[in-house]
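> I'm passing along query.cif; it holds mmCIF, C-alpha atoms.
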```cif
data_upload
#
loop_
_atom_site.label_atom_id
_atom_site.label_comp_id
_atom_site.auth_asym_id
_atom_site.auth_seq_id
_atom_site.Cartn_x
_atom_site.Cartn_y
_atom_site.Cartn_z
CA MET A 4 -32.38 -61.89 -25.20
CA ALA A 5 -30.76 -64.09 -22.59
CA ILE A 6 -32.80 -67.20 -23.37
CA GLY A 7 -33.86 -66.43 -26.91
CA GLY A 8 -37.39 -65.42 -26.00
CA LYS A 9 -39.49 -62.27 -25.84
CA GLN A 10 -38.83 -59.58 -23.26
CA PHE A 11 -41.55 -57.92 -21.18
CA VAL A 12 -41.46 -55.11 -18.65
CA LEU A 13 -42.44 -55.88 -15.06
CA ASP A 14 -45.64 -54.26 -13.80
CA TYR A 15 -45.05 -52.05 -10.74
CA ASP A 16 -48.59 -50.68 -10.48
CA ASN A 17 -49.28 -52.49 -7.19
CA GLY A 18 -45.96 -51.69 -5.51
CA PHE A 19 -44.06 -54.93 -5.77
CA PRO A 20 -43.41 -56.02 -9.34
CA CYS A 21 -45.56 -58.66 -10.98
CA LEU A 22 -45.56 -60.42 -14.31
CA ARG A 23 -48.33 -59.32 -16.67
CA ILE A 24 -48.72 -59.91 -20.38
CA ASP A 25 -51.37 -59.43 -23.08
CA ILE A 26 -53.15 -62.53 -24.33
CA THR A 27 -55.75 -63.13 -27.02
CA ILE A 28 -58.34 -65.86 -26.58
CA CYS A 29 -60.39 -67.19 -29.47
CA SER A 30 -62.31 -70.28 -30.46
CA PRO A 31 -60.34 -73.23 -31.89
CA ASP A 32 -63.09 -73.34 -34.52
CA PRO A 33 -61.62 -71.66 -37.63
CA LYS A 34 -65.15 -70.62 -38.71
CA ASN A 35 -65.52 -68.53 -35.57
CA LYS A 36 -63.58 -65.30 -36.09
CA GLU A 37 -64.40 -63.73 -32.72
CA LYS A 38 -61.39 -62.81 -30.59
CA HIS A 39 -61.00 -61.35 -27.15
CA LEU A 40 -57.90 -59.43 -26.13
CA PHE A 41 -57.03 -59.36 -22.45
CA LYS A 42 -54.55 -56.66 -21.47
CA ASN A 43 -52.08 -57.10 -18.60
CA VAL A 44 -53.03 -60.63 -17.54
CA LEU A 45 -51.25 -61.79 -14.41
CA ILE A 46 -48.92 -64.79 -14.68
CA ASP A 47 -49.94 -66.53 -11.48
CA THR A 48 -47.57 -69.31 -10.42
CA GLY A 49 -49.92 -70.05 -7.52
CA SER A 50 -52.62 -71.19 -9.92
CA ASP A 51 -52.49 -74.62 -11.55
CA VAL A 52 -54.97 -73.58 -14.20
CA THR A 53 -55.58 -70.71 -16.62
CA ILE A 54 -58.87 -68.93 -16.16
CA ILE A 55 -60.97 -66.35 -17.98
CA PRO A 56 -64.33 -64.77 -17.11
CA ASN A 57 -67.51 -66.64 -18.03
CA HIS A 58 -68.92 -63.83 -20.17
CA VAL A 59 -65.97 -64.19 -22.55
CA ILE A 60 -66.57 -67.93 -22.78
CA LYS A 61 -70.16 -67.21 -23.83
CA GLU A 62 -69.11 -64.45 -26.21
CA LEU A 63 -66.63 -66.74 -27.99
CA ALA A 64 -68.98 -69.77 -27.84
CA LEU A 65 -66.25 -71.98 -26.43
CA ILE A 66 -67.01 -75.67 -26.11
CA TYR A 67 -67.27 -77.34 -22.73
CA THR A 68 -64.63 -80.01 -22.07
CA GLY A 69 -65.48 -81.01 -18.51
CA PHE A 70 -65.27 -79.85 -14.94
CA ARG A 71 -62.68 -80.12 -12.19
CA ASN A 72 -62.77 -79.50 -8.51
CA VAL A 73 -60.27 -76.79 -7.75
CA GLU A 74 -59.04 -75.95 -4.28
CA ASN A 75 -58.91 -72.22 -3.66
CA PHE A 76 -56.63 -70.34 -1.29
CA ASN A 77 -59.08 -70.85 1.58
CA GLY A 78 -58.74 -74.59 1.15
CA GLU A 79 -62.31 -74.80 -0.19
CA GLU A 80 -63.05 -77.00 -3.16
CA VAL A 81 -65.11 -75.42 -5.91
CA ARG A 82 -66.33 -76.85 -9.17
CA VAL A 83 -64.91 -75.09 -12.21
CA ASN A 84 -66.11 -75.72 -15.77
CA PHE A 85 -63.42 -75.95 -18.43
CA TYR A 86 -63.55 -75.07 -22.12
CA ALA A 87 -61.28 -75.54 -25.13
CA ALA A 88 -59.84 -72.25 -26.33
CA LYS A 89 -57.03 -71.07 -28.54
CA ILE A 90 -54.60 -68.81 -26.72
CA ILE A 91 -52.32 -66.43 -28.57
CA ILE A 92 -49.36 -64.75 -26.91
CA ILE A 93 -47.72 -62.92 -29.76
CA GLY A 94 -44.23 -64.16 -30.45
CA ILE A 95 -44.52 -67.00 -27.95
CA VAL A 96 -47.42 -69.35 -28.44
CA GLU A 97 -50.58 -70.04 -30.40
CA GLU A 98 -52.20 -73.28 -29.28
CA ILE A 99 -55.36 -74.90 -27.95
CA ILE A 100 -55.57 -75.15 -24.19
CA GLU A 101 -58.27 -75.72 -21.59
CA VAL A 102 -59.40 -72.62 -19.75
CA GLY A 103 -61.52 -72.50 -16.63
CA GLY A 104 -64.54 -70.22 -16.44
CA ILE A 105 -64.50 -68.08 -13.32
CA ASP A 106 -65.96 -64.64 -12.86
CA SER A 107 -62.76 -63.11 -11.63
CA GLU A 108 -59.89 -61.40 -13.38
CA PRO A 109 -58.19 -63.61 -15.98
CA LEU A 110 -55.07 -65.48 -14.85
CA ILE A 111 -52.36 -67.41 -16.66
CA GLY A 112 -51.70 -70.56 -14.66
CA MET A 113 -48.91 -73.08 -14.43
CA ASP A 114 -50.66 -75.38 -16.93
CA LEU A 115 -49.56 -72.94 -19.63
CA ILE A 116 -46.39 -71.50 -18.12
CA CYS A 117 -44.83 -74.91 -17.47
CA ASN A 118 -44.34 -75.22 -21.24
CA PHE A 119 -42.03 -72.20 -21.36
CA HIS A 120 -38.76 -70.90 -20.05
CA LEU A 121 -39.35 -67.93 -17.80
CA LEU A 122 -36.48 -65.68 -16.77
CA LEU A 123 -37.05 -62.98 -14.19
CA ASN A 124 -34.63 -60.04 -14.38
CA ALA A 125 -36.16 -58.16 -11.46
CA PRO A 126 -33.21 -55.80 -10.85
CA PHE A 127 -33.57 -54.68 -14.48
CA GLY A 128 -37.37 -54.51 -14.27
CA THR A 129 -37.90 -57.07 -17.02
CA PHE A 130 -38.73 -60.71 -17.59
CA GLU A 131 -38.38 -62.95 -20.58
CA ILE A 132 -40.50 -65.83 -21.86
CA ALA A 133 -39.18 -68.37 -24.36
CA ASN A 134 -41.09 -71.20 -25.91
CA ARG A 135 -39.08 -74.42 -25.80
CA SER A 136 -39.29 -74.74 -29.56
CA ASN A 137 -37.24 -71.55 -30.04
CA TYR A 138 -34.96 -71.91 -27.05
CA ILE A 139 -31.38 -70.85 -27.65
CA LEU A 140 -28.67 -71.72 -25.14
CA PRO A 141 -27.20 -68.56 -23.61
CA LEU A 142 -23.67 -67.90 -24.80
CA PRO A 143 -20.92 -67.64 -22.17
CA MET B 24 -96.53 -109.17 -42.99
CA GLN B 25 -95.69 -109.67 -39.34
CA THR B 26 -93.59 -107.16 -37.46
CA ILE B 27 -91.44 -108.44 -34.64
CA ILE B 28 -90.01 -106.14 -32.01
CA THR B 29 -86.87 -107.56 -30.41
CA THR B 30 -85.51 -106.01 -27.27
CA GLY B 31 -81.98 -107.03 -26.45
CA SER B 32 -79.92 -106.00 -23.49
CA ARG B 33 -78.79 -102.84 -25.27
CA ASN B 34 -80.66 -102.36 -28.52
CA THR B 35 -84.19 -102.77 -29.79
CA SER B 36 -84.81 -103.78 -33.40
CA ILE B 37 -87.98 -104.02 -35.42
CA THR B 38 -87.88 -106.63 -38.17
CA GLU B 39 -90.23 -108.28 -40.59
CA SER B 40 -90.98 -111.90 -39.94
CA GLY B 41 -88.11 -114.13 -41.00
CA THR B 42 -85.76 -111.31 -41.89
CA ALA B 43 -83.90 -110.86 -38.65
CA ALA B 44 -80.70 -110.13 -40.51
CA ASN B 45 -82.29 -107.12 -42.22
CA PRO B 46 -84.07 -105.05 -39.61
CA LEU B 47 -86.45 -102.34 -40.78
CA LEU B 48 -85.57 -100.23 -37.84
CA GLN B 49 -83.02 -100.35 -35.09
CA ILE B 50 -83.31 -98.40 -31.89
CA ILE B 51 -79.96 -97.70 -30.33
CA PRO B 52 -79.02 -95.82 -27.16
CA PHE B 53 -78.56 -92.11 -27.67
CA PRO B 54 -74.83 -92.07 -26.76
CA GLU B 55 -74.27 -94.53 -29.62
CA TYR B 56 -76.40 -92.52 -32.03
CA TYR B 57 -74.87 -89.14 -31.30
CA PRO B 58 -71.36 -89.79 -32.72
CA LEU B 59 -72.96 -91.16 -35.88
CA THR B 60 -74.54 -87.79 -36.57
CA TYR B 61 -71.07 -86.46 -37.25
CA ILE B 62 -69.81 -89.40 -39.24
CA PHE B 63 -72.85 -89.74 -41.52
CA GLU B 64 -74.15 -86.17 -41.32
CA LEU B 65 -77.41 -87.33 -39.74
CA PRO B 66 -79.76 -84.71 -38.31
CA LYS B 67 -78.36 -83.16 -35.19
CA VAL B 68 -80.35 -83.57 -31.99
CA SER B 69 -80.37 -80.94 -29.34
CA VAL B 70 -78.33 -82.22 -26.45
CA THR B 71 -76.25 -80.30 -24.02
CA ASP B 72 -72.49 -80.56 -24.11
CA ASN B 73 -72.60 -81.43 -20.43
CA GLU B 74 -74.63 -84.57 -21.15
CA ILE B 75 -72.16 -85.74 -23.78
CA ILE B 76 -69.12 -85.07 -21.60
CA ASP B 77 -70.74 -86.62 -18.52
CA ALA B 78 -71.69 -89.77 -20.45
CA GLU B 79 -68.15 -90.13 -21.78
CA ARG B 80 -66.67 -89.50 -18.36
CA ALA B 81 -68.85 -92.26 -16.92
CA ARG B 82 -67.61 -94.65 -19.63
CA TYR B 83 -64.04 -93.56 -18.94
CA GLU B 84 -64.40 -94.28 -15.23
CA GLN B 85 -65.91 -97.70 -15.98
CA ASN B 86 -63.04 -98.72 -18.24
CA LYS B 87 -60.24 -96.75 -16.61
CA SER B 88 -58.01 -99.77 -16.00
CA LYS B 89 -58.09 -100.57 -19.72
CA TYR B 90 -57.09 -97.01 -20.65
CA LEU B 91 -54.43 -96.89 -17.92
CA HIS B 92 -52.80 -100.00 -19.27
CA ARG B 93 -52.29 -98.48 -22.71
CA TYR B 94 -52.35 -94.69 -22.36
CA GLU B 95 -51.07 -93.81 -18.87
CA GLY B 96 -49.58 -90.30 -18.86
CA LYS B 97 -51.17 -89.38 -22.20
CA TYR B 98 -54.24 -87.38 -23.11
CA ILE B 99 -56.93 -89.38 -24.86
CA ALA B 100 -60.10 -88.36 -26.70
CA LEU B 101 -63.16 -90.56 -26.32
CA ILE B 102 -66.19 -90.83 -28.55
CA ASN B 103 -68.71 -93.40 -27.45
CA GLY B 104 -66.11 -94.98 -25.19
CA GLU B 105 -63.70 -95.52 -28.09
CA VAL B 106 -60.30 -93.85 -28.04
CA VAL B 107 -60.20 -91.73 -31.20
CA GLY B 108 -56.85 -90.08 -30.52
CA SER B 109 -54.04 -89.74 -28.01
CA ALA B 110 -51.12 -87.38 -27.44
CA ILE B 111 -48.71 -86.30 -24.74
CA LYS B 112 -49.95 -82.70 -24.87
CA PHE B 113 -53.58 -81.55 -24.72
CA SER B 114 -52.95 -78.95 -27.42
CA ASN B 115 -51.69 -81.52 -29.93
CA LEU B 116 -54.60 -83.85 -29.27
CA ALA B 117 -57.21 -81.09 -29.44
CA LYS B 118 -55.82 -79.78 -32.73
CA LYS B 119 -55.94 -83.27 -34.26
CA ILE B 120 -59.38 -84.16 -32.90
CA TYR B 121 -61.15 -80.90 -33.71
CA SER B 122 -59.80 -80.88 -37.27
CA LYS B 123 -61.04 -84.45 -37.77
CA TYR B 124 -64.39 -84.41 -35.94
CA GLY B 125 -65.23 -80.71 -35.97
CA TYR B 126 -65.40 -78.30 -33.10
CA ARG B 127 -67.85 -79.93 -30.72
CA ALA B 128 -67.97 -81.41 -27.24
CA ILE B 129 -65.45 -84.25 -27.19
CA PHE B 130 -64.24 -85.71 -23.93
CA MET B 131 -60.46 -85.43 -23.56
CA ILE B 132 -58.64 -86.41 -20.41
CA ARG B 133 -55.15 -87.17 -19.17
CA VAL B 134 -55.05 -90.83 -18.21
CA GLU B 135 -53.65 -91.21 -14.73
CA GLU B 136 -54.23 -93.54 -11.80
CA LYS B 137 -55.25 -90.78 -9.43
CA GLU B 138 -56.70 -87.59 -10.85
CA ARG B 139 -54.69 -84.48 -10.14
CA GLN B 140 -55.78 -82.16 -7.39
CA TYR B 141 -55.88 -78.68 -8.90
CA LYS B 142 -55.12 -75.70 -6.71
CA MET B 143 -55.46 -71.98 -7.07
CA ALA B 144 -53.50 -70.64 -4.17
CA SER B 145 -53.94 -67.12 -5.40
CA PRO B 146 -56.29 -64.74 -3.58
CA LYS B 147 -56.97 -63.32 -7.06
CA PHE B 148 -59.26 -66.29 -7.46
CA LYS B 149 -62.51 -65.08 -6.03
CA ALA B 150 -64.83 -68.03 -5.73
CA LYS B 151 -67.75 -66.67 -7.70
CA ILE B 152 -68.47 -69.68 -9.82
CA VAL B 153 -71.26 -70.04 -12.35
#
```
Show how you would write the structure in this file as structure tokens.

Amino acid sequence: MAIGGKQFVLDYDNGFPCLRIDITICSPDPKNKEKHLFKNVLIDTGSDVTIIPNHVIKELALIYTGFRNVENFNGEEVRVNFYAAKIIIIGIVEEIIEVGGIDSEPLIGMDLICNFHLLLNAPFGTFEIANRSNYILPLP
Amino acid sequence: MQTIITTGSRNTSITESGTAANPLLQIIPFPEYYPLTYIFELPKVSVTDNEIIDAERARYEQNKSKYLHRYEGKYIALINGEVVGSAIKFSNLAKKIYSKYGYRAIFMIRVEEKERQYKMASPKFKAKIV
């Protein structure tokens, strides 16, 4: 891999390619073994925060960490509740993050992505994500 | 035996006459009691996570200048207004705090002069908020 990460295939289902990956969300509480797998979650660079639907937050009994006012694409400010959750992207990351609860499709926001190297190989139909901890300088 | 009830600015104590140093009973505000339930395994009281977080946020706002001076740019965890941990990354702080205090509502925030304005420019974000 060009940057020492994990390679994914671009999603062309909606015409133009987009970046989608599978993520698993679970409680940071080791006693809680519930997990929720989200397939084909959009990596949304237009979103500052990572969000998942509220029913999953209830299902996993995630703990409330606070609220933030988030400005949506209409310029309206809405209150979003945030919860602590463990996110697992196999081969890339397993850590506790804050996720917002919104009844929409799940999105991976810049709060998570800004920790990684992201290489888009659009002409080849692929992209690559590398966690900084396993970053390898590309050889000439 | 005479029982004296003393009401201070914050706490109320009930003592026997002449034994002010050894109160029979001390009434303390709930936000001070709640963290003790985890330290001393006292009976848990039903309280919503929102109430805990909101109370801590209020304390944070009151003492923000103090936190800014020492922790600007870092995430801190507050219990009863006391900083119980700090880290550059939320994930590192959360891991440390939850393993020490258990998985429960603990207020964690990034200390910064002006709070960030979060945006979701994506039309994927349909504003159906609960």
> Tell me as a PDB file with C-alpha atoms, in the frame of the given file which residues belonging to chain A come within 10 Å of chain B, counting only C-alpha atoms.

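Written out: out_4.pdb:
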```
ATOM      1  CA  SER A  30     -62.310 -70.280 -30.460  1.00  0.00           C
ATOM      2  CA  PRO A  31     -60.340 -73.230 -31.890  1.00  0.00           C
ATOM      3  CA  ASP A  32     -63.090 -73.340 -34.520  1.00  0.00           C
ATOM      4  CA  PRO A  33     -61.620 -71.660 -37.630  1.00  0.00           C
ATOM      5  CA  LYS A  34     -65.150 -70.620 -38.710  1.00  0.00           C
ATOM      6  CA  LEU A  45     -51.250 -61.790 -14.410  1.00  0.00           C
ATOM      7  CA  ASP A  47     -49.940 -66.530 -11.480  1.00  0.00           C
ATOM      8  CA  THR A  48     -47.570 -69.310 -10.420  1.00  0.00           C
ATOM      9  CA  GLY A  49     -49.920 -70.050  -7.520  1.00  0.00           C
ATOM     10  CA  SER A  50     -52.620 -71.190  -9.920  1.00  0.00           C
ATOM     11  CA  ASP A  51     -52.490 -74.620 -11.550  1.00  0.00           C
ATOM     12  CA  VAL A  52     -54.970 -73.580 -14.200  1.00  0.00           C
ATOM     13  CA  THR A  53     -55.580 -70.710 -16.620  1.00  0.00           C
ATOM     14  CA  ILE A  54     -58.870 -68.930 -16.160  1.00  0.00           C
ATOM     15  CA  PRO A  56     -64.330 -64.770 -17.110  1.00  0.00           C
ATOM     16  CA  ASN A  57     -67.510 -66.640 -18.030  1.00  0.00           C
ATOM     17  CA  LEU A  65     -66.250 -71.980 -26.430  1.00  0.00           C
ATOM     18  CA  ILE A  66     -67.010 -75.670 -26.110  1.00  0.00           C
ATOM     19  CA  TYR A  67     -67.270 -77.340 -22.730  1.00  0.00           C
ATOM     20  CA  THR A  68     -64.630 -80.010 -22.070  1.00  0.00           C
ATOM     21  CA  GLY A  69     -65.480 -81.010 -18.510  1.00  0.00           C
ATOM     22  CA  PHE A  70     -65.270 -79.850 -14.940  1.00  0.00           C
ATOM     23  CA  ARG A  71     -62.680 -80.120 -12.190  1.00  0.00           C
ATOM     24  CA  ASN A  72     -62.770 -79.500  -8.510  1.00  0.00           C
ATOM     25  CA  VAL A  73     -60.270 -76.790  -7.750  1.00  0.00           C
ATOM     26  CA  GLU A  74     -59.040 -75.950  -4.280  1.00  0.00           C
ATOM     27  CA  ASN A  75     -58.910 -72.220  -3.660  1.00  0.00           C
ATOM     28  CA  PHE A  76     -56.630 -70.340  -1.290  1.00  0.00           C
ATOM     29  CA  ASN A  77     -59.080 -70.850   1.580  1.00  0.00           C
ATOM     30  CA  GLY A  78     -58.740 -74.590   1.150  1.00  0.00           C
ATOM     31  CA  GLU A  79     -62.310 -74.800  -0.190  1.00  0.00           C
ATOM     32  CA  GLU A  80     -63.050 -77.000  -3.160  1.00  0.00           C
ATOM     33  CA  VAL A  81     -65.110 -75.420  -5.910  1.00  0.00           C
ATOM     34  CA  ARG A  82     -66.330 -76.850  -9.170  1.00  0.00           C
ATOM     35  CA  VAL A  83     -64.910 -75.090 -12.210  1.00  0.00           C
ATOM     36  CA  ASN A  84     -66.110 -75.720 -15.770  1.00  0.00           C
ATOM     37  CA  TYR A  86     -63.550 -75.070 -22.120  1.00  0.00           C
ATOM     38  CA  ALA A  87     -61.280 -75.540 -25.130  1.00  0.00           C
ATOM     39  CA  ALA A  88     -59.840 -72.250 -26.330  1.00  0.00           C
ATOM     40  CA  LYS A  89     -57.030 -71.070 -28.540  1.00  0.00           C
ATOM     41  CA  GLU A  97     -50.580 -70.040 -30.400  1.00  0.00           C
ATOM     42  CA  GLU A  98     -52.200 -73.280 -29.280  1.00  0.00           C
ATOM     43  CA  ILE A  99     -55.360 -74.900 -27.950  1.00  0.00           C
ATOM     44  CA  ILE A 100     -55.570 -75.150 -24.190  1.00  0.00           C
ATOM     45  CA  GLU A 101     -58.270 -75.720 -21.590  1.00  0.00           C
ATOM     46  CA  GLY A 104     -64.540 -70.220 -16.440  1.00  0.00           C
ATOM     47  CA  ILE A 105     -64.500 -68.080 -13.320  1.00  0.00           C
ATOM     48  CA  ASP A 106     -65.960 -64.640 -12.860  1.00  0.00           C
ATOM     49  CA  SER A 107     -62.760 -63.110 -11.630  1.00  0.00           C
ATOM     50  CA  GLU A 108     -59.890 -61.400 -13.380  1.00  0.00           C
ATOM     51  CA  PRO A 109     -58.190 -63.610 -15.980  1.00  0.00           C
ATOM     52  CA  LEU A 110     -55.070 -65.480 -14.850  1.00  0.00           C
ATOM     53  CA  GLY A 112     -51.700 -70.560 -14.660  1.00  0.00           C
ATOM     54  CA  MET A 113     -48.910 -73.080 -14.430  1.00  0.00           C
TER      55      MET A 113
END
```
> How would you write as a list in words the residues that get within 10 Å of (-37.9, -51.1, -12.7) in the file's frame, counting all atoms listed in the file?
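The answer, in the requested form, is Val12, Leu13, Asp14, Tyr15, Pro20, Asn124, Ala125, Pro126, Phe127, Gly128 and Thr129 of chain A.
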> So which residues fall inside 12 Å of (-51.0, -61.2, -24.9) if we count all atoms listed in the file? Mind giving them as a VMD selection string?
chain A and resid 9 11 22 to 28 38 to 46 90 to 97 109 to 111 132
> Select, from B:Gln49, B:Glu95, B:Ala81, B:Lys89, the residue with the minimum atom-to-atom distance to Glu135 (chain B), counting only C-alpha atoms.
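Looking only at the distances to Glu135 (chain B), the closest residue turns out to be B:Glu95.
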> Taking into account only C-alpha atoms, which residue in the set A:Phe19, A:Cys117, A:Gln10, A:Met4 is nearest to Phe130 (chain A)?
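Of A:Phe19, A:Cys117, A:Gln10, A:Met4, the one nearest Phe130 (chain A), counting only C-alpha atoms, is A:Gln10.
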> Given only C-alpha atoms as the basis, pick out the residue of B:Glu74, B:Leu48, B:Tyr94, B:Glu84 nearest to Val106 (chain B).
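Checking each of B:Glu74, B:Leu48, B:Tyr94, B:Glu84 against Val106 (chain B), counting only C-alpha atoms, the winner is B:Tyr94.
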